[in-house]
Amino acid sequence: MRIAYFTESLPPLTDGVARTYTRLAETLNRRKIDFLFFAPVLPKEQEPWRGRVVSVPWVPFPLYRYYRVGLPNPFRLTPILDKFRPDLIQVAAPTPMGIFGQHYAFKHNIPLVSSYHTHFVDYFPYYHVNWAIKWGWDYMRWFYNRTQATFGPSNDTLSELKKRGFKNLELWPRGIDRTRFSPRLRSEALRKKLGCGKEKLFLFVGRMVQEKGLDELSQAASALRKQGYKFHLAFAGDGPYRKVMEERLPQDHYFGFIQGRELSELYASSDLFVFPSTTETFGNVVLEAMASGLPVVGAAQGGSLDLVKPGENGFLAKPLDGEDFARQVKTLLDNPRAMKKMAKGALQTAAKYHWPVINNMLLSHCRSLMEKPQPRGTVVKSLQPA
């Protein structure tokens with residue numbers, strides 16, 4: 001089996017898409033499946049990427065320059081694909097790269113699937129382009145409905161897409177490497193360096209942009225401190241909203257983008273994960289936090305709904321409501337025994353999400369599409385973790 005992937009995000013980018021495709025590439029290598037990625041990013045790591053990525057020119061995404069939009073040259077990429085002879089093509093985003101991949105599949109009658117990663121249209125209000133919302137959803141629906149199956153990462157995401165007229169929707173959740181994220185990596189030295197002592201350390205991990213719910217988080221932190229609660233708040237991530245948060249919460253800790261052991265130790269050394277974002281399709285960082293033994297307070301919208309079970313591994317606050325977010329955090333602070341119990345619940349949740357199992361299910365389904373090519377519009381089976 002030979003699979004060609006088209007995506008805008010691979011390492012060294014650190015977003016959820018890059019991490020997801022890294023784990024998929026590892027599974028492909030382990031199963032000795034031939035694959036090739038086309039992307040505007042060239043990973044520095046040798047494995048699992050050696051000889052597997054064709055880089056293309058790119059321009060910054062207008063709304064957020066961290067993201068890249070690939071510019072495929074058909075005269076260069078077509079001969080590469082002709083030589084590779086893919087049995088399946090998977091596209092990740094409705095960009096020129098994704099459309100090129102679709103057209104190649106149509107021309108050569110190759111099975112075509114897509115993966116849905118980001119609610120791009122949900123970002124529009126934060127960038128004052130509300131006028132484009134309807135057009136944005138129409139365009140997204142057109143792009144994804146041209147494929148035999150669209151794999152989304154959470155039930156909430158699939159429900160939202162179904163309401164908007166997307167077809168052939170299937171679940172491809174995310175997994176977690178529990179050797180990388182574990183309570184065993186807790187560092188008392190790090191906590192001492194941050195001045196925590198016996199005070200709780202709350203953690204946020206993600207891009208520091210307004211659509212991640214940072215306004216609500218700063219509102220909640222300020223409200224709790226006015227009520228006399230003492231805690232430290234750490235941010236792992238960077239972005240244009242970092243300066244705003246540093247002005248609002250100057251006493252807290254800002255790490256910027258960190259990876260590897262440094263990030264894993266920060267997770268494990270924290271006591272609570274706070275993540276009020278309403279625009280997540282899954283929430284990889286929520287799963288990383290749970291695998292590190294952290295209960296989670298999230299928003300009752302988006303990918304967190306699939307992971308956070310109120311009273312078992314955390315709580316969910318009303319979307320875009322900083323006051324209610326503060327109330328949910330306060331419930332845990334007032335009940336240390338419940339907080340400890342939910343930390344165990346978080347570990348139990350993370351244990352259900354195994355990357356090899358999840359990706360093997362995806363690949364098995366892709367193989368079935370190759371063996372029995374189906375016309376676009378056919379409904380296929382779901383992929384869910386045990």
# chains A, B, ... in the order shown; residues from 1 in each chain; ligands from 1

call {"tool": "residues_around", "arguments": {"residues": "A:Thr179", "least_positions_apart": "4", "cutoff": "10 Å", "atoms": "only C-alpha atoms", "output": "VMD selection string"}}
result
chain A and resid 183 to 185 264 291 to 292

call {"tool": "residues_around", "arguments": {"residues": "stretch 117-126 of chain A", "least_positions_apart": "6", "cutoff": "9 Å", "atoms": "only C-alpha atoms", "output": "PyMOL selection string"}}
result
chain A and resi 16-17+63+92-93+132-134+136-137+140+151-153+157+210-211+279-282

call {"tool": "residues_around", "arguments": {"residues": "A:Pro57", "least_positions_apart": "5", "cutoff": "12 Å", "atoms": "only C-alpha atoms", "output": "PyMOL selection string"}}
result
chain A and resi 8+38-42+68-73+76-77+96-97

call {"tool": "closest_residue", "arguments": {"among": "A:Ala317, A:Val329, A:Leu217, A:Ile176", "to": "A:Ala289", "atoms": "only C-alpha atoms"}}
result
A:Ile176

call {"tool": "select_by_dssp", "arguments": {"residues": "stretch 106-174 of chain A", "states": "alpha helix (DSSP H)", "output": "mmCIF file with N, CA and C atoms, in the first residue's frame"}}
result
data_model
loop_
_atom_site.group_PDB
_atom_site.id
_atom_site.type_symbol
_atom_site.label_atom_id
_atom_site.label_comp_id
_atom_site.auth_asym_id
_atom_site.auth_seq_id
_atom_site.Cartn_x
_atom_site.Cartn_y
_atom_site.Cartn_z
ATOM 1 N N PHE A 106 -8.747 12.460 -8.697
ATOM 2 C CA PHE A 106 -9.844 12.367 -9.651
ATOM 3 C C PHE A 106 -9.333 11.937 -11.031
ATOM 4 N N LYS A 107 -8.246 12.545 -11.449
ATOM 5 C CA LYS A 107 -7.706 12.277 -12.779
ATOM 6 C C LYS A 107 -7.258 10.833 -12.927
ATOM 7 N N HIS A 108 -6.701 10.265 -11.857
ATOM 8 C CA HIS A 108 -6.139 8.922 -11.931
ATOM 9 C C HIS A 108 -7.015 7.869 -11.263
ATOM 10 N N ILE A 133 -18.182 34.323 7.033
ATOM 11 C CA ILE A 133 -18.505 33.066 7.710
ATOM 12 C C ILE A 133 -19.304 32.126 6.805
ATOM 13 N N LYS A 134 -20.379 32.612 6.199
ATOM 14 C CA LYS A 134 -21.194 31.739 5.340
ATOM 15 C C LYS A 134 -20.379 31.217 4.164
ATOM 16 N N TRP A 135 -19.633 32.115 3.534
ATOM 17 C CA TRP A 135 -18.799 31.688 2.406
ATOM 18 C C TRP A 135 -17.786 30.643 2.866
ATOM 19 N N GLY A 136 -17.214 30.848 4.043
ATOM 20 C CA GLY A 136 -16.209 29.923 4.553
ATOM 21 C C GLY A 136 -16.751 28.521 4.740
ATOM 22 N N TRP A 137 -17.937 28.404 5.352
ATOM 23 C CA TRP A 137 -18.529 27.087 5.546
ATOM 24 C C TRP A 137 -18.947 26.464 4.233
ATOM 25 N N ASP A 138 -19.456 27.256 3.295
ATOM 26 C CA ASP A 138 -19.811 26.722 1.974
ATOM 27 C C ASP A 138 -18.584 26.129 1.283
ATOM 28 N N TYR A 139 -17.481 26.847 1.381
ATOM 29 C CA TYR A 139 -16.249 26.387 0.740
ATOM 30 C C TYR A 139 -15.718 25.119 1.414
ATOM 31 N N MET A 140 -15.710 25.100 2.751
ATOM 32 C CA MET A 140 -15.237 23.917 3.471
ATOM 33 C C MET A 140 -16.100 22.694 3.122
ATOM 34 N N ARG A 141 -17.413 22.886 3.090
ATOM 35 C CA ARG A 141 -18.315 21.781 2.780
ATOM 36 C C ARG A 141 -18.045 21.249 1.369
ATOM 37 N N TRP A 142 -17.877 22.162 0.415
ATOM 38 C CA TRP A 142 -17.581 21.757 -0.965
ATOM 39 C C TRP A 142 -16.308 20.927 -1.032
ATOM 40 N N PHE A 143 -15.264 21.360 -0.349
ATOM 41 C CA PHE A 143 -13.976 20.680 -0.400
ATOM 42 C C PHE A 143 -14.067 19.281 0.201
ATOM 43 N N TYR A 144 -14.592 19.169 1.399
ATOM 44 C CA TYR A 144 -14.577 17.877 2.090
ATOM 45 C C TYR A 144 -15.587 16.897 1.507
ATOM 46 N N ASN A 155 -16.392 13.448 18.474
ATOM 47 C CA ASN A 155 -17.826 13.359 18.194
ATOM 48 C C ASN A 155 -18.472 14.734 18.095
ATOM 49 N N ASP A 156 -18.030 15.671 18.945
ATOM 50 C CA ASP A 156 -18.579 17.018 18.878
ATOM 51 C C ASP A 156 -18.280 17.656 17.522
ATOM 52 N N THR A 157 -17.083 17.442 17.013
ATOM 53 C CA THR A 157 -16.726 17.981 15.704
ATOM 54 C C THR A 157 -17.588 17.361 14.611
ATOM 55 N N LEU A 158 -17.761 16.047 14.660
ATOM 56 C CA LEU A 158 -18.577 15.385 13.643
ATOM 57 C C LEU A 158 -20.024 15.861 13.701
ATOM 58 N N SER A 159 -20.538 16.071 14.902
ATOM 59 C CA SER A 159 -21.905 16.561 15.049
ATOM 60 C C SER A 159 -22.058 17.948 14.438
ATOM 61 N N GLU A 160 -21.074 18.808 14.693
ATOM 62 C CA GLU A 160 -21.102 20.162 14.126
ATOM 63 C C GLU A 160 -21.047 20.112 12.606
ATOM 64 N N LEU A 161 -20.180 19.284 12.065
ATOM 65 C CA LEU A 161 -20.045 19.202 10.613
ATOM 66 C C LEU A 161 -21.303 18.612 9.966
ATOM 67 N N LYS A 162 -21.897 17.620 10.613
ATOM 68 C CA LYS A 162 -23.115 17.021 10.077
ATOM 69 C C LYS A 162 -24.229 18.056 9.977
ATOM 70 N N LYS A 163 -24.353 18.893 11.002
ATOM 71 C CA LYS A 163 -25.372 19.942 10.986
ATOM 72 C C LYS A 163 -25.144 20.906 9.823
#

call {"tool": "closest_residue", "arguments": {"among": "A:Pro319, A:Gly293, A:Pro240, A:Pro356", "to": "A:Lys340", "atoms": "only C-alpha atoms"}}
result
A:Gly293

call {"tool": "select_by_dssp", "arguments": {"residues": "stretch 199-338 of chain A", "states": "strand (DSSP E)", "output": "PyMOL selection string"}}
result
chain A and resi 200-205+231-236+253-256+272-275+296-299+314-317

call {"tool": "residues_around", "arguments": {"residues": "A:Val297", "least_positions_apart": "5", "cutoff": "8 Å", "atoms": "only C-alpha atoms", "output": "ChimeraX atom specification"}}
result
/A:272-276,308,314-317,325,328-329

call {"tool": "closest_residue", "arguments": {"among": "A:Glu288, A:Glu246, A:Glu323, A:Asp306", "to": "A:Val205", "atoms": "only C-alpha atoms"}}
result
A:Glu288

call {"tool": "residues_around", "arguments": {"residues": "A:Ser218", "least_positions_apart": "5", "cutoff": "10 Å", "atoms": "only C-alpha atoms", "output": "MDAnalysis selection string"}}
result
chainID A and resid 213 223:224 233 244:245 248:249 322 326

call {"tool": "write_last_selection", "arguments": {"atoms": "N, CA and C atoms", "output": "short mmCIF file (atom, residue, chain, number, x, y, z; two decimals), in the first residue's frame"}}
result
data_model
loop_
_atom_site.label_atom_id
_atom_site.label_comp_id
_atom_site.auth_asym_id
_atom_site.auth_seq_id
_atom_site.Cartn_x
_atom_site.Cartn_y
_atom_site.Cartn_z
N GLY A 213 -9.53 31.24 24.05
CA GLY A 213 -10.24 31.51 25.30
C GLY A 213 -9.40 32.21 26.34
N ALA A 223 -10.59 36.82 38.97
CA ALA A 223 -11.72 36.65 39.88
C ALA A 223 -11.34 35.77 41.07
N LEU A 224 -10.63 34.69 40.81
CA LEU A 224 -10.22 33.78 41.89
C LEU A 224 -9.26 34.47 42.85
N LEU A 233 0.11 30.41 37.62
CA LEU A 233 -0.41 30.06 36.30
C LEU A 233 0.74 30.07 35.32
N VAL A 244 -0.59 40.64 25.66
CA VAL A 244 -1.81 41.03 26.37
C VAL A 244 -1.89 40.30 27.71
N MET A 245 -1.60 38.99 27.69
CA MET A 245 -1.69 38.21 28.92
C MET A 245 -0.60 38.61 29.91
N ARG A 248 -1.91 41.59 31.65
CA ARG A 248 -3.02 41.31 32.56
C ARG A 248 -2.59 40.48 33.77
N LEU A 249 -1.70 39.52 33.54
CA LEU A 249 -1.28 38.62 34.60
C LEU A 249 0.25 38.63 34.70
N GLY A 322 -16.08 33.49 31.56
CA GLY A 322 -14.97 33.49 32.50
C GLY A 322 -15.42 33.29 33.93
N ALA A 326 -14.22 30.25 36.41
CA ALA A 326 -13.68 30.43 37.75
C ALA A 326 -14.43 29.56 38.76
#

call {"tool": "residues_around", "arguments": {"residues": "A:Arg186", "least_positions_apart": "4", "cutoff": "7 Å", "atoms": "only C-alpha atoms", "output": "list of chain:residue names"}}
result
A:Glu265, A:Ala268, A:Ser269

call {"tool": "write_last_selection", "arguments": {"atoms": "N, CA and C atoms", "output": "CSV table (one decimal), in the first residue's frame"}}
result
chain,number,residue,atom,x,y,z
A,265,GLU,N,7.9,17.7,31.7
A,265,GLU,CA,8.1,18.0,33.1
A,265,GLU,C,7.2,19.1,33.6
A,268,ALA,N,3.7,17.5,34.1
A,268,ALA,CA,3.7,16.6,35.3
A,268,ALA,C,3.9,17.4,36.6
A,269,SER,N,4.5,18.6,36.5
A,269,SER,CA,4.8,19.4,37.7
A,269,SER,C,3.6,20.3,38.1

call {"tool": "residues_around", "arguments": {"residues": "A:Arg50", "least_positions_apart": "4", "cutoff": "12 Å", "atoms": "only C-alpha atoms", "output": "list of chain:residue names"}}
result
A:Ala25, A:Glu26, A:Asn29, A:Phe35, A:Leu36, A:Phe37, A:Leu42, A:Pro43, A:Lys44, A:Glu45, A:Gln46, A:Val54

call {"tool": "write_last_selection", "arguments": {"atoms": "N, CA and C atoms", "output": "PDB file, in the first residue's frame"}}
result
ATOM      1  N   ALA A  25       2.911   8.735  10.845  1.00  0.00           N
ATOM      2  CA  ALA A  25       4.108   8.332  10.103  1.00  0.00           C
ATOM      3  C   ALA A  25       4.852   7.224  10.843  1.00  0.00           C
ATOM      4  N   GLU A  26       4.887   7.309  12.169  1.00  0.00           N
ATOM      5  CA  GLU A  26       5.537   6.256  12.948  1.00  0.00           C
ATOM      6  C   GLU A  26       4.834   4.911  12.750  1.00  0.00           C
ATOM      7  N   ASN A  29       5.660   3.565   9.252  1.00  0.00           N
ATOM      8  CA  ASN A  29       6.991   2.964   9.225  1.00  0.00           C
ATOM      9  C   ASN A  29       7.000   1.596   9.885  1.00  0.00           C
ATOM     10  N   PHE A  35       4.897   5.602   2.089  1.00  0.00           N
ATOM     11  CA  PHE A  35       4.134   6.849   2.152  1.00  0.00           C
ATOM     12  C   PHE A  35       5.001   8.026   1.736  1.00  0.00           C
ATOM     13  N   LEU A  36       4.322   9.102   1.343  1.00  0.00           N
ATOM     14  CA  LEU A  36       5.004  10.321   0.924  1.00  0.00           C
ATOM     15  C   LEU A  36       4.143  11.512   1.315  1.00  0.00           C
ATOM     16  N   PHE A  37       4.749  12.500   1.972  1.00  0.00           N
ATOM     17  CA  PHE A  37       4.060  13.714   2.373  1.00  0.00           C
ATOM     18  C   PHE A  37       4.454  14.863   1.453  1.00  0.00           C
ATOM     19  N   LEU A  42       9.613  21.210   6.008  1.00  0.00           N
ATOM     20  CA  LEU A  42      10.520  20.078   5.910  1.00  0.00           C
ATOM     21  C   LEU A  42      11.039  19.732   7.300  1.00  0.00           C
ATOM     22  N   PRO A  43      10.609  18.602   7.871  1.00  0.00           N
ATOM     23  CA  PRO A  43      11.042  18.242   9.223  1.00  0.00           C
ATOM     24  C   PRO A  43      12.556  18.115   9.319  1.00  0.00           C
ATOM     25  N   LYS A  44      13.093  18.522  10.469  1.00  0.00           N
ATOM     26  CA  LYS A  44      14.532  18.408  10.722  1.00  0.00           C
ATOM     27  C   LYS A  44      14.891  16.987  11.161  1.00  0.00           C
ATOM     28  N   GLU A  45      13.929  16.316  11.806  1.00  0.00           N
ATOM     29  CA  GLU A  45      14.203  14.989  12.321  1.00  0.00           C
ATOM     30  C   GLU A  45      14.432  13.987  11.187  1.00  0.00           C
ATOM     31  N   GLN A  46      15.350  13.049  11.408  1.00  0.00           N
ATOM     32  CA  GLN A  46      15.585  11.998  10.418  1.00  0.00           C
ATOM     33  C   GLN A  46      14.418  11.015  10.373  1.00  0.00           C
ATOM     34  N   VAL A  54       8.170  15.822   0.508  1.00  0.00           N
ATOM     35  CA  VAL A  54       8.460  16.696  -0.626  1.00  0.00           C
ATOM     36  C   VAL A  54       8.029  18.100  -0.220  1.00  0.00           C
TER      37      VAL A  54
END

call {"tool": "atom_distance", "arguments": {"atom1": "atom CA of A:Pro11", "atom2": "atom CA of A:Tyr104"}}
result
25.1 Å

call {"tool": "atom_distance", "arguments": {"atom1": "atom CA of A:Val286", "atom2": "atom CA of A:Asn313"}}
result
10.9 Å

call {"tool": "closest_residue", "arguments": {"among": "A:Glu247, A:Glu216, A:Glu188, A:Asp177", "to": "A:Trp355", "atoms": "only C-alpha atoms"}}
result
A:Asp177
